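Asker: Okay, so here is coords-v1.txt, and as you'll see once you scroll down, it has compact mmCIF, C-alpha atoms.
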```txt
# COMPACT_ATOMS: atom_id res chain seq x y z
CA MET A 1 0.00 0.00 0.00
CA LEU A 2 1.33 3.43 -0.91
CA SER A 3 1.90 6.01 1.76
CA ALA A 4 -1.04 8.34 2.33
CA GLY A 5 1.16 11.37 1.85
CA PHE A 6 1.95 10.40 -1.73
CA VAL A 7 -1.44 9.45 -3.10
CA LYS A 8 -4.56 11.49 -3.77
CA GLN A 9 -6.74 8.89 -2.17
CA VAL A 10 -5.90 5.33 -1.16
CA PHE A 11 -8.83 2.99 -1.56
CA SER A 12 -10.33 1.20 1.41
CA PRO A 13 -12.84 -1.61 0.88
CA VAL A 14 -14.93 -0.07 3.65
CA CYS A 15 -16.60 2.70 1.61
CA TRP A 16 -19.38 5.09 2.43
CA VAL A 17 -22.49 4.94 0.25
CA SER A 18 -25.51 7.13 -0.30
CA SER A 19 -28.72 6.37 1.51
CA ARG A 20 -30.48 5.65 -1.79
CA TYR A 21 -28.46 2.47 -2.39
CA SER A 22 -27.32 1.56 1.12
CA ASP A 23 -30.15 -0.92 1.69
CA ILE A 24 -29.45 -2.62 -1.65
CA LEU A 25 -25.80 -2.96 -0.77
CA ARG A 26 -26.47 -4.30 2.72
CA ARG A 27 -28.98 -6.87 1.48
CA GLY A 28 -27.11 -7.79 -1.67
CA ILE A 29 -23.35 -7.48 -2.02
CA ILE A 30 -22.37 -7.73 1.64
CA THR A 31 -24.90 -10.49 2.35
CA SER A 32 -23.97 -12.43 -0.77
CA MET A 33 -20.33 -12.63 0.32
CA SER A 34 -21.12 -13.81 3.83
CA SER A 35 -23.57 -16.42 2.58
CA GLY A 36 -21.25 -17.88 -0.03
CA LEU A 37 -23.05 -16.41 -3.03
CA PHE A 38 -20.02 -14.57 -4.38
CA PRO A 39 -19.55 -15.67 -8.04
CA LYS A 40 -17.68 -18.97 -8.32
CA LYS A 41 -16.31 -18.14 -11.75
CA VAL A 42 -16.05 -15.28 -14.19
CA VAL A 43 -15.26 -15.10 -17.90
CA VAL A 44 -12.58 -12.59 -18.87
CA THR A 45 -11.94 -12.24 -22.62
CA GLU A 46 -13.18 -15.77 -23.33
CA GLN A 47 -11.16 -17.30 -20.49
CA GLU A 48 -13.03 -18.79 -17.54
CA ILE A 49 -11.41 -17.97 -14.20
CA ASN A 50 -12.11 -19.90 -11.01
CA LEU A 51 -12.97 -17.56 -8.12
CA THR A 52 -13.33 -20.13 -5.36
CA ARG A 53 -9.75 -19.55 -4.21
CA LEU A 54 -10.25 -15.85 -3.57
CA HIS A 55 -9.91 -15.18 0.13
CA LYS A 56 -12.33 -13.03 2.11
CA LYS A 57 -10.21 -9.87 1.95
CA GLU A 58 -10.01 -10.09 -1.84
CA LYS A 59 -13.77 -10.52 -2.11
CA GLU A 60 -14.34 -7.57 0.20
CA PHE A 61 -11.87 -5.52 -1.85
CA ILE A 62 -13.71 -6.17 -5.14
CA ALA A 63 -17.15 -5.60 -3.59
CA GLY A 64 -15.76 -2.37 -2.14
CA VAL A 65 -14.83 -1.16 -5.61
CA LEU A 66 -18.46 -1.65 -6.63
CA ARG A 67 -19.75 0.17 -3.53
CA ASP A 68 -17.42 3.07 -4.23
CA ALA A 69 -18.42 3.22 -7.92
CA ILE A 70 -22.14 3.24 -7.10
CA PHE A 71 -21.63 6.12 -4.68
CA ARG A 72 -19.68 8.13 -7.25
CA TYR A 73 -22.11 7.37 -10.07
CA GLU A 74 -24.98 8.75 -8.00
CA THR A 75 -22.89 11.75 -6.91
CA PHE A 76 -22.08 12.71 -10.50
CA GLY A 77 -25.79 12.70 -11.30
CA ARG A 78 -25.42 11.73 -14.97
CA ALA A 79 -27.46 9.02 -16.67
CA ARG A 80 -24.33 7.74 -18.38
CA ALA A 81 -20.88 7.88 -16.86
CA ILE A 82 -17.50 6.37 -17.72
CA PHE A 83 -15.08 5.22 -15.03
CA GLY A 84 -11.57 4.08 -15.92
CA ILE A 85 -9.47 1.35 -14.35
CA ALA A 86 -5.85 2.00 -15.30
CA GLY A 87 -2.72 0.19 -14.17
CA PRO A 88 0.11 -2.05 -15.33
CA SER A 89 -0.24 -5.44 -17.02
CA GLY A 90 -1.07 -8.23 -14.59
CA ALA A 91 -2.67 -5.98 -11.96
CA GLY A 92 -6.11 -7.53 -12.51
CA LYS A 93 -7.93 -4.64 -14.22
CA SER A 94 -10.14 -6.78 -16.46
CA PHE A 95 -10.54 -9.31 -13.65
CA VAL A 96 -11.89 -6.71 -11.20
CA ALA A 97 -14.09 -5.10 -13.86
CA ALA A 98 -15.63 -8.45 -14.81
CA ILE A 99 -16.44 -9.39 -11.21
CA VAL A 100 -17.87 -5.93 -10.49
CA ARG A 101 -20.16 -6.40 -13.49
CA GLU A 102 -21.20 -9.87 -12.26
CA LEU A 103 -21.95 -8.57 -8.77
CA ALA A 104 -23.92 -5.65 -10.17
CA GLN A 105 -26.00 -7.93 -12.39
CA SER A 106 -27.04 -9.96 -9.36
CA GLU A 107 -28.41 -6.81 -7.69
CA LYS A 108 -31.48 -4.84 -8.70
CA LEU A 109 -29.71 -1.58 -9.34
CA PRO A 110 -31.66 1.12 -11.18
CA PHE A 111 -28.91 1.31 -13.81
CA ARG A 112 -26.69 -1.02 -15.83
CA ILE A 113 -22.99 -1.59 -15.21
CA GLU A 114 -20.95 -2.73 -18.19
CA THR A 115 -17.26 -3.12 -19.01
CA VAL A 116 -15.11 -2.46 -22.06
CA SER A 117 -11.40 -3.14 -22.52
CA ILE A 118 -9.07 -0.94 -24.54
CA ASP A 119 -7.86 -4.19 -26.12
CA ALA A 120 -11.10 -4.12 -28.13
CA PHE A 121 -9.67 -1.07 -29.87
CA HIS A 122 -6.36 -2.54 -30.96
CA PHE A 123 -5.61 -1.94 -34.59
CA PRO A 124 -6.26 -5.27 -36.38
CA ASN A 125 -3.29 -7.60 -36.75
CA GLU A 126 -3.38 -7.04 -40.50
CA TYR A 127 -2.74 -3.34 -39.91
CA LEU A 128 -0.11 -3.89 -37.23
CA ALA A 129 1.82 -6.34 -39.41
CA THR A 130 2.15 -3.76 -42.20
CA HIS A 131 3.04 -0.66 -40.18
CA GLU A 132 6.12 0.40 -38.25
CA ALA A 133 7.07 2.97 -35.63
CA GLY A 134 10.70 3.82 -34.92
CA GLY A 135 11.80 1.04 -37.26
CA VAL A 136 9.88 -1.60 -35.30
CA ASN A 137 6.95 -3.55 -36.71
CA LEU A 138 3.88 -2.70 -34.62
CA LYS A 139 2.78 -6.32 -34.32
CA GLU A 140 6.02 -7.03 -32.45
CA VAL A 141 5.06 -4.48 -29.79
CA LYS A 142 1.31 -5.12 -29.68
CA GLY A 143 -0.05 -3.64 -26.48
CA ARG A 144 2.14 -0.54 -26.66
CA TYR A 145 0.36 2.83 -26.57
CA ASP A 146 0.58 3.33 -30.37
CA THR A 147 -1.05 0.00 -31.33
CA TYR A 148 -4.58 1.20 -30.52
CA ASP A 149 -7.13 3.15 -32.55
CA THR A 150 -7.60 5.92 -29.99
CA GLN A 151 -9.64 8.08 -32.37
CA LEU A 152 -12.21 5.32 -32.77
CA LEU A 153 -12.25 4.63 -29.03
CA GLY A 154 -12.69 8.31 -28.21
CA SER A 155 -15.55 8.70 -30.67
CA GLU A 156 -17.34 5.60 -29.35
CA LEU A 157 -17.05 6.85 -25.78
CA ALA A 158 -18.48 10.22 -26.85
CA ARG A 159 -21.41 8.46 -28.56
CA PHE A 160 -22.04 6.45 -25.42
CA ARG A 161 -21.97 9.55 -23.25
CA SER A 162 -24.44 11.34 -25.55
CA GLY A 163 -27.06 8.67 -24.84
CA CYS A 164 -26.97 6.97 -28.23
CA GLU A 165 -27.25 3.23 -28.71
CA VAL A 166 -23.69 1.93 -29.05
CA ARG A 167 -22.16 -1.37 -30.10
CA PHE A 168 -18.66 -1.71 -28.70
CA SER A 169 -16.07 -4.08 -30.07
CA VAL A 170 -14.89 -7.00 -27.93
CA TYR A 171 -11.35 -8.40 -28.00
CA SER A 172 -11.09 -12.11 -28.80
CA ARG A 173 -8.13 -14.03 -27.42
CA LYS A 174 -9.07 -16.89 -29.75
CA VAL A 175 -8.34 -14.90 -32.91
CA HIS A 176 -6.23 -12.22 -31.15
CA ASP A 177 -8.17 -9.43 -32.83
CA PRO A 178 -11.08 -7.11 -32.01
CA VAL A 179 -14.53 -8.35 -33.03
CA PRO A 180 -16.75 -5.35 -33.92
CA ASN A 181 -20.25 -4.60 -32.63
CA LEU A 182 -20.60 -7.41 -30.07
CA LEU A 183 -21.45 -5.38 -26.95
CA LYS A 184 -24.75 -3.53 -27.35
CA ILE A 185 -25.79 -0.82 -24.89
CA THR A 186 -29.18 0.81 -25.21
CA GLU A 187 -30.07 1.60 -21.57
CA PRO A 188 -30.24 5.35 -20.82
CA LYS A 189 -28.76 4.79 -17.36
CA THR A 190 -25.42 2.99 -17.64
CA LEU A 191 -22.12 3.14 -15.79
CA LEU A 192 -19.35 1.99 -18.14
CA PHE A 193 -16.02 0.74 -16.84
CA LEU A 194 -13.18 1.16 -19.34
CA GLU A 195 -10.05 -0.73 -18.36
CA GLY A 196 -6.55 -0.66 -19.79
CA LEU A 197 -2.93 0.37 -19.44
CA TRP A 198 -2.94 3.70 -21.23
CA LEU A 199 -5.97 5.58 -19.90
CA LEU A 200 -3.79 8.25 -18.28
CA TYR A 201 -1.16 8.48 -21.03
CA ASP A 202 -0.83 11.78 -22.89
CA ARG A 203 0.45 10.71 -26.32
CA ALA A 204 -0.90 8.95 -29.41
CA GLY A 205 -4.43 10.24 -28.83
CA TRP A 206 -4.86 8.93 -25.29
CA ASP A 207 -5.55 12.45 -24.07
CA ILE A 208 -8.78 12.28 -26.11
CA VAL A 209 -9.77 9.06 -24.35
CA HIS A 210 -8.87 10.43 -20.93
CA GLY A 211 -11.02 13.47 -21.64
CA GLU A 212 -14.10 11.23 -21.85
CA LEU A 213 -13.57 9.68 -18.40
CA ASP A 214 -15.43 10.92 -15.34
CA TYR A 215 -13.23 9.16 -12.79
CA VAL A 216 -10.12 6.97 -12.93
CA TYR A 217 -8.97 4.27 -10.54
CA PHE A 218 -5.36 3.05 -10.72
CA LEU A 219 -4.93 -0.61 -9.77
CA ASP A 220 -1.44 -1.77 -8.79
CA ASP A 221 0.28 -4.80 -7.29
CA GLU A 222 3.74 -6.02 -6.36
CA LEU A 223 6.06 -6.25 -9.39
CA ALA A 224 6.75 -9.97 -8.91
CA ARG A 225 3.01 -10.72 -8.97
CA LEU A 226 2.51 -8.48 -12.00
CA ARG A 227 5.19 -10.39 -13.89
CA LYS A 228 3.80 -13.78 -12.89
CA HIS A 229 0.24 -12.91 -13.93
CA THR A 230 1.31 -11.35 -17.23
CA VAL A 231 3.58 -14.22 -18.26
CA GLU A 232 0.85 -16.74 -17.39
CA ARG A 233 -1.62 -14.81 -19.56
CA HIS A 234 0.81 -14.84 -22.49
CA ILE A 235 1.16 -18.62 -22.13
CA ARG A 236 -2.63 -19.06 -22.03
CA GLY A 237 -2.73 -16.97 -25.19
CA GLY A 238 -0.51 -19.43 -27.04
CA ARG A 239 3.08 -18.35 -26.37
CA THR A 240 5.68 -20.79 -25.11
CA GLU A 241 7.04 -20.09 -21.63
CA LYS A 242 10.35 -18.97 -23.13
CA ASP A 243 8.66 -16.63 -25.61
CA ALA A 244 6.34 -15.28 -22.91
CA GLU A 245 9.33 -14.44 -20.71
CA ARG A 246 11.10 -12.82 -23.67
CA PHE A 247 8.06 -10.71 -24.58
CA TYR A 248 7.65 -9.61 -20.98
CA GLY A 249 11.28 -8.50 -20.73
CA GLU A 250 11.36 -6.74 -24.09
CA ASN A 251 7.89 -5.16 -24.16
CA ASP A 252 5.87 -5.41 -20.95
CA MET A 253 8.61 -3.97 -18.74
CA GLU A 254 8.90 -0.87 -20.91
CA ASN A 255 5.12 -0.52 -20.84
CA TYR A 256 5.25 -0.89 -17.06
CA ARG A 257 7.75 1.96 -16.79
CA LEU A 258 5.60 4.28 -18.90
CA VAL A 259 2.32 3.33 -17.22
CA MET A 260 3.70 3.88 -13.73
CA GLN A 261 4.67 7.41 -14.74
CA THR A 262 0.99 8.13 -15.37
CA LYS A 263 -0.14 6.97 -11.94
CA LYS A 264 -0.19 10.46 -10.47
CA GLY A 265 -3.04 11.38 -12.84
CA ALA A 266 -5.50 8.92 -11.24
CA ASP A 267 -8.34 10.03 -8.98
CA GLN A 268 -7.98 7.06 -6.63
CA PHE A 269 -5.38 4.34 -6.09
CA LEU A 270 -6.36 0.71 -5.54
CA SER A 271 -4.03 -1.84 -3.98
CA TRP A 272 -4.76 -5.53 -3.54
CA PRO A 273 -4.96 -6.67 0.11
CA GLN A 274 -1.98 -8.72 1.19
CA GLY A 275 -2.07 -11.86 3.30
```
Just dump the structure as structure tokens.

Answerer:
Amino acid sequence: MLSAGFVKQVFSPVCWVSSRYSDILRRGIITSMSSGLFPKKVVVTEQEINLTRLHKKEKEFIAGVLRDAIFRYETFGRARAIFGIAGPSGAGKSFVAAIVRELAQSEKLPFRIETVSIDAFHFPNEYLATHEAGGVNLKEVKGRYDTYDTQLLGSELARFRSGCEVRFSVYSRKVHDPVPNLLKITEPKTLLFLEGLWLLYDRAGWDIVHGELDYVYFLDDELARLRKHTVERHIRGGRTEKDAERFYGENDMENYRLVMQTKKGADQFLSWPQG
């Protein structure tokens, strides 16, 4: 956990909530954890993840993110809002977002909570394979800040905010490419979580994306755990262990350095409970 003097606000899973939703939260999220109704699994980009090994503090942490988001959504007073979850690879951004969505769907909230990953706005592999930056083929550095279509992402977020029906792309780890128009949102009242590394970056069009966000969490973890989780994900995605370790050293570590420099721009810092 970062020192309180350094951060804007360090997250605590014990969050205050407005009176409008406090009864829902007491009956639903808090009760569901104590009675064993916390989701047993969640699907993250087509990969099913077993949640039965999460300990109580981790469950409380994730439920606390939802409590905090509900409070802030009501405070902002907008029918549609966009909250970001930034942070380095392996921190669990998509994992937390997916569980928050599952928890929210089990409650009778008067609005929808949905999640989108910036990975859904990667340039297609066909484009990456035929373009370079700094003498390096973009497919070789996929995941770097300049391998995303930030103009498209920014315009889709603006359409969402305006109240229009939107159909977001979804990233497929089976074909390793975005699949257009899979996630349909029509509800007037929707809180959208956008998760990804570069939400607070200020180059390659990411300032446009950041400008569409109402609030940004920054999720972090110990570097050794970040490396372990990221390498494991690369292996699940089809890389050999050796190639996964190589890619982490050559690409992910540089991304980590750049992403951590953006941390100061977050509204609130999240840190996984230890022990």

Asker: If we count all atoms listed in the file, what is near Arg78 of chain A at a cut-off of 9 Å, once residues fewer than 4 positions away on the same chain are taken out, given as a PyMOL selection string?

Answerer: chain A and resi 73-74+189

Asker: Got a sec: who's within 9 Å of Gly237 of chain A, counting all atoms listed in the file, leaving out chain neighbours fewer than 2 positions off, as a ChimeraX atom specification?

Answerer: /A:173-174,176,232-235,239

Asker: Report, in Å with one decimal, the straight-line distance from atom CA of Glu212 of chain A to atom CA of Thr190 of chain A.

Answerer: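 Result for atom CA of Glu212 of chain A versus atom CA of Thr190 of chain A: 14.6 Å, one decimal.
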
Asker: Closest to Phe95 of chain A among A:Tyr201, A:Val43, A:Ala244, A:Glu156, using all atoms listed in the file?

Answerer: A:Val43

Asker: Counting all atoms listed in the file, figure out which residue out of A:Arg144, A:Arg112, A:Arg227, A:Arg236 gets nearest to Lys184 of chain A.

Answerer: A:Arg112

Asker: When distances are computed from all atoms listed in the file, which of A:Cys164, A:Asn255, A:Val96, A:Leu138 shows the smallest separation from Lys59 of chain A?

Answerer: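 Between A:Cys164, A:Asn255, A:Val96, A:Leu138, the residue approaching Lys59 of chain A most closely is A:Val96.
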
Asker: Ranking A:Leu223, A:Leu192, A:Ile118, A:Val141 by minimum distance to Pro178 of chain A and counting only C-alpha atoms, which one comes first?

Answerer: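 The shortest atom-to-atom distance to Pro178 of chain A comes from A:Ile118.
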
Asker: Record the distance separating atom CA of Val179 of chain A and atom CA of Glu46 of chain A, expressed in Å with one decimal.

Answerer: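 According to the coordinates, atom CA of Val179 of chain A and atom CA of Glu46 of chain A are separated by 12.3 Å.
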
Asker: I'd like the contact shell of segment 125-137 of chain A - 9 Å cut-off, only C-alpha atoms, skipping same-chain residues fewer than 3 positions apart - returned as a ChimeraX atom specification.

Answerer: /A:122,140-142,146-147,176-177
